[in-house]
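Visitor: To be precise about what I am sending: the file is called coords_24.tsv and holds TSV, C-alpha atoms and all ligand atoms.
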chain	number	residue	atom	x	y	z
A	1	MET	CA	127.44	180.88	99.56
A	2	SER	CA	125.08	182.22	96.91
A	3	PHE	CA	122.75	179.88	95.07
A	4	LYS	CA	122.28	180.25	91.32
A	5	SER	CA	119.41	178.96	89.28
A	6	GLY	CA	117.74	179.20	85.95
A	7	PHE	CA	116.56	177.62	82.72
A	8	ALA	CA	118.91	176.51	79.94
A	9	THR	CA	117.43	175.48	76.60
A	10	ILE	CA	119.41	173.22	74.30
A	11	ILE	CA	118.79	173.90	70.67
A	12	GLY	CA	120.19	172.71	67.35
A	13	ARG	CA	119.61	170.72	64.18
A	14	PRO	CA	118.11	167.23	64.52
A	15	ASN	CA	120.51	164.47	65.59
A	16	VAL	CA	123.32	166.69	66.94
A	17	GLY	CA	122.99	165.07	70.39
A	18	LYS	CA	120.77	167.35	72.46
A	19	SER	CA	118.90	164.57	74.24
A	20	THR	CA	122.09	162.60	74.81
A	21	LEU	CA	123.52	165.63	76.63
A	22	VAL	CA	120.59	166.01	79.01
A	23	ASN	CA	120.62	162.30	79.81
A	24	TYR	CA	124.35	162.44	80.51
A	25	LEU	CA	123.90	165.43	82.80
A	26	ILE	CA	121.28	163.84	85.02
A	27	GLY	CA	122.73	160.35	84.71
A	28	GLU	CA	119.42	158.78	83.72
A	29	LYS	CA	117.62	158.06	80.51
A	30	ILE	CA	114.73	160.48	80.48
A	31	SER	CA	114.84	161.86	76.96
A	32	ILE	CA	114.86	159.28	74.17
A	33	THR	CA	117.68	159.26	71.62
A	34	SER	CA	118.34	157.52	68.33
A	35	PRO	CA	120.80	157.55	65.43
A	36	ARG	CA	118.05	159.09	63.29
A	37	PRO	CA	116.93	162.71	63.10
A	38	GLN	CA	113.65	164.07	64.52
A	39	THR	CA	113.53	161.75	67.48
A	40	THR	CA	112.45	164.26	70.12
A	41	ARG	CA	108.99	165.76	69.62
A	42	ASN	CA	108.27	167.71	72.79
A	43	SER	CA	110.33	170.00	74.93
A	44	ILE	CA	111.40	168.12	78.02
A	45	LYS	CA	112.74	169.60	81.22
A	46	THR	CA	115.41	167.84	83.22
A	47	ILE	CA	116.68	169.18	86.51
A	48	TYR	CA	120.31	169.32	87.56
A	49	THR	CA	120.89	170.26	91.19
A	50	THR	CA	124.17	170.80	93.09
A	51	ASP	CA	125.23	172.80	96.16
A	52	GLU	CA	126.13	175.60	93.79
A	53	GLY	CA	122.74	175.90	92.19
A	54	GLN	CA	120.05	174.39	90.02
A	55	ILE	CA	119.91	174.30	86.25
A	56	ILE	CA	116.72	173.30	84.51
A	57	PHE	CA	117.76	172.02	81.11
A	58	VAL	CA	115.15	172.07	78.37
A	59	ASP	CA	115.67	169.50	75.64
A	60	THR	CA	113.93	170.48	72.39
A	61	PRO	CA	113.07	168.91	69.03
A	62	GLY	CA	115.68	169.55	66.35
A	63	ILE	CA	114.95	172.47	64.05
A	64	TYR	CA	114.50	171.63	60.35
A	65	LYS	CA	112.37	172.42	57.32
A	66	THR	CA	108.78	171.52	58.12
A	67	LYS	CA	106.54	169.37	55.94
A	68	ASN	CA	103.40	168.63	57.97
A	69	ASP	CA	101.48	169.71	61.06
A	70	LEU	CA	103.50	167.49	63.37
A	71	ASP	CA	106.73	169.01	62.02
A	72	ARG	CA	105.38	172.49	62.62
A	73	TYR	CA	104.37	171.56	66.14
A	74	MET	CA	107.89	170.24	66.83
A	75	VAL	CA	109.78	173.23	65.47
A	76	ASN	CA	107.40	175.56	67.23
A	77	GLU	CA	108.08	173.69	70.47
A	78	ALA	CA	111.78	174.34	69.99
A	79	TYR	CA	111.39	178.04	69.29
A	80	LYS	CA	108.87	178.47	72.11
A	81	SER	CA	111.39	177.05	74.57
A	82	ILE	CA	113.81	179.90	74.03
A	83	GLU	CA	111.33	182.46	75.24
A	84	GLY	CA	111.73	183.70	78.78
A	85	ILE	CA	114.64	181.47	79.68
A	86	ASP	CA	118.04	182.41	81.08
A	87	ILE	CA	120.49	180.88	78.67
A	88	ILE	CA	120.53	179.03	75.36
A	89	ILE	CA	122.96	176.23	74.58
A	90	LEU	CA	123.38	176.12	70.83
A	91	MET	CA	124.67	172.72	69.73
A	92	PHE	CA	126.57	171.72	66.59
A	93	ASP	CA	127.84	168.32	65.48
A	94	ALA	CA	131.62	167.90	65.07
A	95	THR	CA	131.16	164.98	62.68
A	96	SER	CA	129.29	167.14	60.20
A	97	SER	CA	130.11	170.39	58.45
A	98	PHE	CA	128.33	173.65	59.24
A	99	LYS	CA	124.98	173.32	57.44
A	100	LYS	CA	122.52	175.87	56.12
A	101	GLN	CA	120.14	174.83	58.88
A	102	ASP	CA	122.85	175.58	61.46
A	103	GLN	CA	123.09	179.09	60.05
A	104	VAL	CA	119.31	179.57	60.26
A	105	ILE	CA	119.27	178.59	63.93
A	106	TYR	CA	122.38	180.64	64.73
A	107	ASN	CA	120.83	183.76	63.17
A	108	GLN	CA	117.62	183.32	65.17
A	109	ILE	CA	119.51	183.01	68.40
A	110	LYS	CA	121.80	185.93	67.72
A	111	ASN	CA	118.71	188.04	67.14
A	112	SER	CA	117.11	187.02	70.41
A	113	SER	CA	118.18	188.94	73.48
A	114	THR	CA	118.93	185.78	75.46
A	115	PRO	CA	122.57	185.01	76.35
A	116	PHE	CA	123.89	181.87	74.69
A	117	LEU	CA	126.76	179.40	74.69
A	118	VAL	CA	127.93	177.44	71.68
A	119	VAL	CA	128.96	173.78	71.98
A	120	LEU	CA	130.43	171.42	69.42
A	121	ASN	CA	129.30	167.90	70.32
A	122	LYS	CA	130.55	164.39	69.43
A	123	ILE	CA	134.25	165.26	69.60
A	124	ASP	CA	134.95	161.67	70.68
A	125	LYS	CA	133.99	160.66	67.15
A	126	ILE	CA	136.72	162.63	65.39
A	127	LYS	CA	140.46	162.13	65.57
A	128	LYS	CA	142.21	164.21	68.20
A	129	LYS	CA	144.44	165.89	65.68
A	130	GLU	CA	141.45	166.86	63.53
A	131	LEU	CA	139.70	168.80	66.28
A	132	PRO	CA	141.60	172.11	65.84
A	133	ASN	CA	140.73	172.07	62.16
A	134	VAL	CA	137.04	171.30	62.72
A	135	LEU	CA	136.87	174.03	65.36
A	136	LYS	CA	138.51	176.44	62.96
A	137	GLN	CA	135.89	175.68	60.30
A	138	TYR	CA	133.06	176.36	62.75
A	139	GLN	CA	134.78	179.40	64.19
A	140	LYS	CA	134.76	180.93	60.68
A	141	ARG	CA	130.97	181.18	60.94
A	142	ILE	CA	130.53	181.62	64.67
A	143	LYS	CA	131.96	184.63	66.43
A	144	GLU	CA	131.42	183.30	69.93
A	145	ASP	CA	133.73	180.93	71.73
A	146	ILE	CA	132.93	177.31	70.92
A	147	ILE	CA	133.11	174.72	73.69
A	148	PRO	CA	134.01	171.26	72.33
A	149	ILE	CA	132.25	168.47	74.23
A	150	SER	CA	131.26	164.83	74.08
A	151	SER	CA	127.83	163.98	75.47
A	152	LYS	CA	128.72	160.33	75.20
A	153	THR	CA	132.00	160.23	77.15
A	154	GLY	CA	131.31	163.37	79.18
A	155	ARG	CA	134.45	165.08	77.99
A	156	ASN	CA	134.51	168.79	78.86
A	157	ILE	CA	130.96	168.72	80.21
A	158	ASP	CA	132.25	170.05	83.54
A	159	SER	CA	133.55	173.18	81.87
A	160	LEU	CA	130.24	173.58	80.05
A	161	LEU	CA	128.48	173.43	83.42
A	162	ASP	CA	130.89	176.02	84.84
A	163	ARG	CA	130.10	178.34	81.96
A	164	VAL	CA	126.35	177.88	82.40
A	165	PHE	CA	126.58	178.64	86.14
A	166	GLU	CA	128.69	181.73	85.37
A	167	LYS	CA	125.87	183.13	83.28
A	168	LEU	CA	123.00	182.26	85.59
A	169	PRO	CA	121.57	184.78	88.04
A	170	GLU	CA	121.27	184.18	91.76
A	171	GLY	CA	117.94	182.59	92.40
A	172	PRO	CA	115.84	180.12	94.34
A	173	GLN	CA	115.83	176.35	94.10
A	174	TYR	CA	112.78	175.79	91.91
A	175	PHE	CA	112.52	172.02	92.30
A	176	PRO	CA	113.32	169.57	95.11
A	177	ASP	CA	116.80	167.92	95.14
A	178	ASP	CA	115.55	164.54	94.06
A	179	MET	CA	113.38	165.67	91.18
A	180	ILE	CA	115.06	165.08	87.81
A	181	THR	CA	112.28	165.81	85.33
A	182	ASP	CA	108.94	167.52	84.97
A	183	GLN	CA	107.60	164.72	82.79
A	184	ILE	CA	105.15	162.23	84.18
A	185	GLU	CA	106.12	158.56	84.16
A	186	GLN	CA	103.50	157.67	81.56
A	187	PHE	CA	105.03	160.04	79.05
A	188	ILE	CA	108.53	158.63	79.50
A	189	VAL	CA	107.20	155.09	79.25
A	190	ALA	CA	105.42	155.91	75.98
A	191	GLU	CA	108.60	157.53	74.67
A	192	MET	CA	110.68	154.45	75.48
A	193	ILE	CA	108.35	152.37	73.35
A	194	ARG	CA	108.47	154.93	70.54
A	195	GLU	CA	112.28	155.02	70.73
A	196	LYS	CA	112.57	151.33	69.90
A	197	THR	CA	110.76	151.87	66.63
A	198	PHE	CA	113.56	154.22	65.54
A	199	TYR	CA	116.07	151.42	66.01
A	200	LEU	CA	114.04	148.53	64.64
A	201	LEU	CA	111.96	149.92	61.79
A	202	ARG	CA	113.16	151.23	58.50
A	203	GLU	CA	112.61	154.36	56.48
A	204	GLU	CA	109.59	156.51	57.17
A	205	VAL	CA	107.70	154.21	59.55
A	206	PRO	CA	108.92	155.65	62.91
A	207	PHE	CA	108.13	159.20	61.85
A	208	GLY	CA	104.42	158.37	61.63
A	209	ILE	CA	104.24	156.61	64.98
A	210	ALA	CA	102.65	157.85	68.18
A	211	VAL	CA	102.38	155.90	71.41
A	212	LEU	CA	99.69	156.36	74.03
A	213	ILE	CA	99.50	154.62	77.38
A	214	GLU	CA	95.97	153.37	77.91
A	215	GLU	CA	96.42	151.73	81.26
A	216	MET	CA	99.18	151.59	83.84
A	217	GLU	CA	98.51	149.96	87.15
A	218	GLU	CA	100.30	147.89	89.72
A	219	ARG	CA	98.89	144.42	89.96
A	220	ASN	CA	99.61	141.63	92.36
A	221	ASP	CA	103.20	140.42	92.86
A	222	ASP	CA	104.52	143.95	92.45
A	223	ILE	CA	104.19	143.77	88.68
A	224	MET	CA	103.32	146.95	86.79
A	225	TYR	CA	100.80	146.22	84.05
A	226	ILE	CA	101.08	148.64	81.13
A	227	ARG	CA	98.81	148.63	78.10
A	228	ALA	CA	99.89	150.88	75.27
A	229	ASN	CA	98.60	151.64	71.81
A	230	ILE	CA	101.06	152.22	68.99
A	231	TYR	CA	99.38	154.36	66.36
A	232	VAL	CA	100.50	154.23	62.75
A	233	GLU	CA	99.41	156.22	59.73
A	234	LYS	CA	99.01	153.42	57.23
A	235	ARG	CA	97.61	149.94	57.20
A	236	SER	CA	100.84	148.68	55.60
A	237	HIS	CA	102.79	150.11	58.53
A	238	LYS	CA	100.68	148.12	60.93
A	239	GLY	CA	101.85	144.95	59.23
A	240	ILE	CA	105.47	146.08	59.39
A	241	ILE	CA	105.28	146.79	63.11
A	242	ILE	CA	103.61	143.53	63.95
A	243	GLY	CA	106.00	141.62	61.70
A	244	LYS	CA	105.95	137.99	60.68
A	245	ASN	CA	104.17	135.98	63.37
A	246	GLY	CA	104.24	139.06	65.59
A	247	LYS	CA	108.03	138.93	65.80
A	248	MET	CA	108.68	142.64	65.38
A	249	LEU	CA	106.14	143.74	67.95
A	250	LYS	CA	107.63	141.26	70.36
A	251	LYS	CA	111.08	142.68	69.79
A	252	ILE	CA	109.88	146.25	70.34
A	253	GLY	CA	108.10	145.13	73.49
A	254	THR	CA	111.02	143.22	74.95
A	255	ARG	CA	113.47	146.07	74.42
A	256	ALA	CA	111.07	148.71	75.71
A	257	ARG	CA	110.20	146.63	78.75
A	258	LYS	CA	113.85	146.45	79.78
A	259	ASP	CA	114.15	150.24	79.74
A	260	ILE	CA	110.85	150.72	81.52
A	261	GLU	CA	111.80	148.26	84.26
A	262	LYS	CA	114.98	150.21	84.82
A	263	LEU	CA	113.04	153.45	85.00
A	264	LEU	CA	110.33	152.18	87.33
A	265	GLN	CA	112.61	149.85	89.29
A	266	GLN	CA	110.09	147.05	89.14
A	267	LYS	CA	108.90	144.20	86.98
A	268	VAL	CA	106.71	145.22	84.09
A	269	TYR	CA	104.14	143.44	81.96
A	270	LEU	CA	103.90	145.32	78.68
A	271	ASP	CA	100.83	144.80	76.54
A	272	LEU	CA	101.26	146.42	73.11
A	273	TRP	CA	98.56	147.01	70.52
A	274	VAL	CA	98.89	148.51	67.04
A	275	LYS	CA	96.19	150.78	65.63
A	276	VAL	CA	95.82	152.64	62.35
A	277	GLU	CA	94.97	156.32	62.56
A	278	LYS	CA	95.15	157.58	59.01
A	279	ASP	CA	97.20	160.75	58.44
A	280	TRP	CA	97.12	161.72	62.11
A	281	ARG	CA	100.11	163.98	61.52
A	282	GLU	CA	97.91	166.24	59.43
A	283	ASP	CA	94.82	166.22	61.62
A	284	GLU	CA	94.40	168.89	64.31
A	285	ASN	CA	92.18	166.77	66.52
A	286	LEU	CA	94.28	163.66	66.25
A	287	LEU	CA	97.46	165.62	66.91
A	288	LYS	CA	95.86	166.84	70.09
A	289	ARG	CA	94.90	163.34	71.11
A	290	MET	CA	98.43	162.11	70.50
A	291	GLY	CA	99.69	164.84	72.83
A	292	TYR	CA	101.21	167.07	70.18
A	293	LYS	CA	99.06	170.12	70.56
A	294	SER	CA	98.23	172.19	73.56
A	301	LIG	N1	129.87	159.36	69.53
A	301	LIG	C1	128.95	160.21	70.00
A	301	LIG	N2	127.67	160.03	69.64
A	301	LIG	C2	126.76	160.92	70.14
A	301	LIG	C3	127.11	161.99	70.98
A	301	LIG	N3	125.99	162.68	71.27
A	301	LIG	C4	124.99	162.04	70.66
A	301	LIG	N4	125.44	160.98	69.96
A	301	LIG	C5	124.65	160.06	69.13
A	301	LIG	O1	124.01	160.82	68.12
A	301	LIG	C6	122.72	160.32	67.83
A	301	LIG	C7	121.67	161.42	68.02
A	301	LIG	O2	121.60	161.76	69.36
A	301	LIG	P1	120.28	162.43	70.00
A	301	LIG	O3	120.63	162.80	71.39
A	301	LIG	O4	119.10	161.60	69.74
A	301	LIG	O5	120.19	163.77	69.09
A	301	LIG	P2	119.14	164.96	69.17
A	301	LIG	O6	119.87	166.20	68.88
A	301	LIG	O7	118.40	164.90	70.47
A	301	LIG	O8	118.17	164.60	67.96
A	301	LIG	P3	116.63	165.05	67.69
A	301	LIG	O9	115.84	164.73	68.92
A	301	LIG	O10	116.24	164.24	66.52
A	301	LIG	O11	116.68	166.51	67.40
A	301	LIG	C8	122.50	159.14	68.78
A	301	LIG	O12	122.82	157.96	68.08
A	301	LIG	C9	123.52	159.39	69.89
A	301	LIG	O13	123.96	158.20	70.51
A	301	LIG	C10	128.50	162.14	71.32
A	301	LIG	O14	128.94	163.06	72.02
A	301	LIG	N5	129.36	161.22	70.79
A	302	MG	MG	116.41	164.66	70.86
Render the structure in this file as C-alpha cells.
Guide:
Amino acid sequence: MSFKSGFATIIGRPNVGKSTLVNYLIGEKISITSPRPQTTRNSIKTIYTTDEGQIIFVDTPGIYKTKNDLDRYMVNEAYKSIEGIDIIILMFDATSSFKKQDQVIYNQIKNSSTPFLVVLNKIDKIKKKELPNVLKQYQKRIKEDIIPISSKTGRNIDSLLDRVFEKLPEGPQYFPDDMITDQIEQFIVAEMIREKTFYLLREEVPFGIAVLIEEMEERNDDIMYIRANIYVEKRSHKGIIIGKNGKMLKKIGTRARKDIEKLLQQKVYLDLWVKVEKDWREDENLLKRMGYKS
C-alpha cells in the first residue's frame, strides 16, 4: 500500500476553531484555545499518523487587522505557514456570517497556487435544520465545496481527513509514530499558563501577557518544579493578575497546574511570578525575548 504524507496548514479568522480542530485530531491538548479571539500566537505543528499516511497539521494565529508589532508578527506567522506546504484548510465559523476578514483571507488563498479545502466549523452550535441555509449563505461567496464539521464533537472530521489524504502526494513518514508535536514541552507549559489568563482575566489584559519558563527540573519525589514569569505591559495589570491577597494568581496557577500535570503525566509544583515589561508588544528586543520574533 502506498504511504501519503504532507503538510496541511489551517487558516482563518481568529476564534473560528483552528486550534480546537488540531487538538481533536491528535486527541491531546497541545494548542491552547479560548472563547476569545487572538489566542494562538505562533504556528504550531501537530502530527497525525495512520497506516495510510502522515499529515502534519500547522495551526496558525487568526488573521485580522494588525495594530502593533505583536499583531504583525502573528499575522505574518499565519501567512508564512502557507508557503511551501501541500494543502491549506480554510476555516469559517458556522455561528457567524461571512465577514470582510473572511473574504480577505479567501482571496489570498485563491491567489496562492496551493490546493485548499474549505471547512465550516462549529456546526454542532447551530440547529440541524438551519445548516442548509447557513451553507447556502457561505456557498454564495465560496465557489469550492464546503465541508461542514464540528471540531468539538468530531462530526464529519473523518471525511475531512479523507479529503486531505486524497490531495496529499505519496511521500515518506517525516516523524516517528509516537511524535505528536514539534513543540518543546516548555513552550506548551508556558502556553497552558497563558491560556488560563484568557479565561480568568477581563478585557485587554490577556492580550498583553507573555509567559516564559525560567526553570523546569525534576526534583525529589518525582515532582516537576516549574518556575515561570508572567510578563504584563502595565503596572495596573500586575495588580489585576495577582488579585486580592494573591487570589487570582493562585487560581491561574491551580488551573494551569492541572493541565500541565496531565501533559507531563507527573506531579507538578508551579511557581508563578508576575513582572512588568512596559509596552513589550511594541519593542523589537522584548518581542524577541518573549519568543515572538525569529
Ligand atoms: N461548539 C463548538 N465550539 C467550538 C468548536 N470549535 C471551536 N469551538 C470553540 O470556539 C472557541 C475558539 O476556539 P479556538 O480553537 O481557540 O479558535 P482559533 O481559531 O484557534 O482562535 P485564534 O487562535 O484566536 O485564532 C473556543 O471557545 C472553542 O471551544 C466547535 O466545533 N463547536
Ligand atoms: Mg488558535
Visitor: Using only C-alpha atoms, determine which residues lie at most 8 Å from segment 223-228 of chain A, disregarding the query and same-chain residues fewer than 6 positions distant; provide the list as a list in words.
Guide: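 Counting only C-alpha atoms, the residues come to Ala190, Val211, Leu212, Ile213, Glu214, Glu215, Met216, Glu217, Gln266, Lys267, Val268, Tyr269, Leu270, Asp271, Leu272 and Trp273 of chain A.
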Visitor: Please list as a list of chain:residue names every residue within 9 Å of Gly171 of chain A, counting only C-alpha atoms and excluding residues in the same chain fewer than 5 positions away.
Guide: A:Ser2, A:Phe3, A:Lys4, A:Ser5, A:Gly6, A:Gly53, A:Gln54
Visitor: Quick one: residues within 9 Å of Ile32 of chain A, only C-alpha atoms counted, chain neighbours fewer than 4 positions away excluded, as a short mmCIF file (atom, residue, chain, number, x, y, z; two decimals) with C-alpha atoms, in the coordinates of the input?
Guide:
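For reference, result-v6.cif as written:
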data_model
loop_
_atom_site.label_atom_id
_atom_site.label_comp_id
_atom_site.auth_asym_id
_atom_site.auth_seq_id
_atom_site.Cartn_x
_atom_site.Cartn_y
_atom_site.Cartn_z
CA SER A 19 118.90 164.57 74.24
CA THR A 20 122.09 162.60 74.81
CA ASN A 23 120.62 162.30 79.81
CA THR A 39 113.53 161.75 67.48
CA THR A 40 112.45 164.26 70.12
CA ILE A 188 108.53 158.63 79.50
CA GLU A 191 108.60 157.53 74.67
CA MET A 192 110.68 154.45 75.48
CA ARG A 194 108.47 154.93 70.54
CA GLU A 195 112.28 155.02 70.73
#
Visitor: Could you list the protein, DNA and RNA residues that have any atom within 6 Å of ligand LIG 301 (chain A), counting all atoms listed in the file, and write them as an NGL selection string?
Guide: :A and (14-20 or 33-35 or 37-40 or 61-62 or 121-122 or 124-125 or 150-152)
Visitor: For a quick check of understanding, using only C-alpha atoms and all ligand atoms, which of A:Lys29, A:Arg41, A:Arg257, A:Arg281 has the smallest distance to ligand MG 302 (chain A)?
Guide: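 Of A:Lys29, A:Arg41, A:Arg257, A:Arg281, the one nearest ligand MG 302 (chain A), counting only C-alpha atoms and all ligand atoms, is A:Arg41.
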Visitor: Could you list, as a compact mmCIF listing (two decimals) with C-alpha atoms, in the frame of the given file, every residue within 12 Å of Val58 of chain A, counting all atoms listed in the file and ignoring same-chain residues fewer than 5 positions away?
Guide:
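Just written: part-v9.txt:
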# COMPACT_ATOMS: atom_id res chain seq x y z
CA GLY A 6 117.74 179.20 85.95
CA PHE A 7 116.56 177.62 82.72
CA ALA A 8 118.91 176.51 79.94
CA THR A 9 117.43 175.48 76.60
CA ILE A 10 119.41 173.22 74.30
CA ILE A 11 118.79 173.90 70.67
CA LYS A 18 120.77 167.35 72.46
CA SER A 19 118.90 164.57 74.24
CA LEU A 21 123.52 165.63 76.63
CA VAL A 22 120.59 166.01 79.01
CA ASN A 23 120.62 162.30 79.81
CA LEU A 25 123.90 165.43 82.80
CA ILE A 30 114.73 160.48 80.48
CA SER A 31 114.84 161.86 76.96
CA THR A 40 112.45 164.26 70.12
CA ASN A 42 108.27 167.71 72.79
CA SER A 43 110.33 170.00 74.93
CA ILE A 44 111.40 168.12 78.02
CA LYS A 45 112.74 169.60 81.22
CA THR A 46 115.41 167.84 83.22
CA ILE A 47 116.68 169.18 86.51
CA TYR A 48 120.31 169.32 87.56
CA GLU A 77 108.08 173.69 70.47
CA ALA A 78 111.78 174.34 69.99
CA TYR A 79 111.39 178.04 69.29
CA LYS A 80 108.87 178.47 72.11
CA SER A 81 111.39 177.05 74.57
CA ILE A 82 113.81 179.90 74.03
CA GLU A 83 111.33 182.46 75.24
CA ILE A 85 114.64 181.47 79.68
CA ASP A 86 118.04 182.41 81.08
CA ILE A 87 120.49 180.88 78.67
CA ILE A 88 120.53 179.03 75.36
CA ILE A 89 122.96 176.23 74.58
CA LEU A 90 123.38 176.12 70.83
CA ILE A 180 115.06 165.08 87.81
CA THR A 181 112.28 165.81 85.33
CA ASP A 182 108.94 167.52 84.97
CA GLN A 183 107.60 164.72 82.79
Visitor: Rank A:Ile252, A:Ile123, A:Leu263, A:Val189 by their smallest atom-to-atom distance to Asn156 of chain A, using only C-alpha atoms, and report the top residue only.
Guide: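 Ranked by minimum distance to Asn156 of chain A, first place goes to A:Ile123.
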Visitor: Hey, can you check how far atom CA of Asp51 of chain A sits from atom CA of Pro148 of chain A?
Guide: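 Separation between atom CA of Asp51 of chain A and atom CA of Pro148 of chain A: 25.4 Å.
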Visitor: Give the answer as one residue: which of A:Ile193, A:Val118, A:Ile63, A:Ile55 has the shortest atom-to-atom distance to Asn76 of chain A, using all atoms listed in the file?
Guide: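 Among A:Ile193, A:Val118, A:Ile63, A:Ile55, it is A:Ile63 that comes nearest to Asn76 of chain A.
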Visitor: Can segment 167-187 of chain A be brought up to N, CA and C atoms and written out as a PDB file, in the coordinates of the input?
Guide:
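Result saved to selection16.pdb:
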ATOM      1  N   LYS A 167     126.842 182.231  83.914  1.00  0.00           N
ATOM      2  CA  LYS A 167     125.870 183.130  83.280  1.00  0.00           C
ATOM      3  C   LYS A 167     124.526 183.179  83.996  1.00  0.00           C
ATOM      4  N   LEU A 168     124.306 182.270  84.931  1.00  0.00           N
ATOM      5  CA  LEU A 168     123.000 182.260  85.590  1.00  0.00           C
ATOM      6  C   LEU A 168     122.925 183.278  86.722  1.00  0.00           C
ATOM      7  N   PRO A 169     121.743 183.844  86.926  1.00  0.00           N
ATOM      8  CA  PRO A 169     121.570 184.780  88.040  1.00  0.00           C
ATOM      9  C   PRO A 169     121.424 184.033  89.367  1.00  0.00           C
ATOM     10  N   GLU A 170     121.584 184.775  90.462  1.00  0.00           N
ATOM     11  CA  GLU A 170     121.270 184.180  91.760  1.00  0.00           C
ATOM     12  C   GLU A 170     119.775 183.962  91.806  1.00  0.00           C
ATOM     13  N   GLY A 171     119.376 182.852  92.389  1.00  0.00           N
ATOM     14  CA  GLY A 171     117.940 182.590  92.400  1.00  0.00           C
ATOM     15  C   GLY A 171     117.590 181.445  93.309  1.00  0.00           C
ATOM     16  N   PRO A 172     116.302 181.162  93.414  1.00  0.00           N
ATOM     17  CA  PRO A 172     115.840 180.120  94.340  1.00  0.00           C
ATOM     18  C   PRO A 172     116.002 178.716  93.750  1.00  0.00           C
ATOM     19  N   GLN A 173     115.886 177.721  94.599  1.00  0.00           N
ATOM     20  CA  GLN A 173     115.830 176.350  94.100  1.00  0.00           C
ATOM     21  C   GLN A 173     114.370 176.096  93.707  1.00  0.00           C
ATOM     22  N   TYR A 174     114.155 175.924  92.405  1.00  0.00           N
ATOM     23  CA  TYR A 174     112.780 175.790  91.910  1.00  0.00           C
ATOM     24  C   TYR A 174     112.178 174.427  92.216  1.00  0.00           C
ATOM     25  N   PHE A 175     113.019 173.389  92.134  1.00  0.00           N
ATOM     26  CA  PHE A 175     112.520 172.020  92.300  1.00  0.00           C
ATOM     27  C   PHE A 175     113.268 171.308  93.415  1.00  0.00           C
ATOM     28  N   PRO A 176     112.633 170.321  94.053  1.00  0.00           N
ATOM     29  CA  PRO A 176     113.320 169.570  95.110  1.00  0.00           C
ATOM     30  C   PRO A 176     114.558 168.832  94.591  1.00  0.00           C
ATOM     31  N   ASP A 177     115.518 168.574  95.488  1.00  0.00           N
ATOM     32  CA  ASP A 177     116.800 167.920  95.140  1.00  0.00           C
ATOM     33  C   ASP A 177     116.639 166.661  94.305  1.00  0.00           C
ATOM     34  N   ASP A 178     115.644 165.860  94.675  1.00  0.00           N
ATOM     35  CA  ASP A 178     115.550 164.540  94.060  1.00  0.00           C
ATOM     36  C   ASP A 178     114.675 164.499  92.815  1.00  0.00           C
ATOM     37  N   MET A 179     114.229 165.659  92.372  1.00  0.00           N
ATOM     38  CA  MET A 179     113.380 165.670  91.180  1.00  0.00           C
ATOM     39  C   MET A 179     114.272 165.854  89.950  1.00  0.00           C
ATOM     40  N   ILE A 180     114.165 164.941  88.961  1.00  0.00           N
ATOM     41  CA  ILE A 180     115.060 165.080  87.810  1.00  0.00           C
ATOM     42  C   ILE A 180     114.335 165.413  86.508  1.00  0.00           C
ATOM     43  N   THR A 181     113.007 165.395  86.540  1.00  0.00           N
ATOM     44  CA  THR A 181     112.280 165.810  85.330  1.00  0.00           C
ATOM     45  C   THR A 181     110.882 166.296  85.673  1.00  0.00           C
ATOM     46  N   ASP A 182     110.317 167.061  84.762  1.00  0.00           N
ATOM     47  CA  ASP A 182     108.940 167.520  84.970  1.00  0.00           C
ATOM     48  C   ASP A 182     107.946 166.591  84.263  1.00  0.00           C
ATOM     49  N   GLN A 183     108.482 165.603  83.565  1.00  0.00           N
ATOM     50  CA  GLN A 183     107.600 164.720  82.790  1.00  0.00           C
ATOM     51  C   GLN A 183     107.001 163.637  83.676  1.00  0.00           C
ATOM     52  N   ILE A 184     105.751 163.306  83.407  1.00  0.00           N
ATOM     53  CA  ILE A 184     105.150 162.230  84.180  1.00  0.00           C
ATOM     54  C   ILE A 184     105.644 160.880  83.635  1.00  0.00           C
ATOM     55  N   GLU A 185     105.616 159.886  84.518  1.00  0.00           N
ATOM     56  CA  GLU A 185     106.120 158.560  84.160  1.00  0.00           C
ATOM     57  C   GLU A 185     105.493 158.023  82.879  1.00  0.00           C
ATOM     58  N   GLN A 186     104.186 158.218  82.733  1.00  0.00           N
ATOM     59  CA  GLN A 186     103.500 157.670  81.560  1.00  0.00           C
ATOM     60  C   GLN A 186     104.069 158.198  80.258  1.00  0.00           C
ATOM     61  N   PHE A 187     104.455 159.468  80.259  1.00  0.00           N
ATOM     62  CA  PHE A 187     105.030 160.040  79.050  1.00  0.00           C
ATOM     63  C   PHE A 187     106.368 159.373  78.728  1.00  0.00           C
TER      64      PHE A 187
END
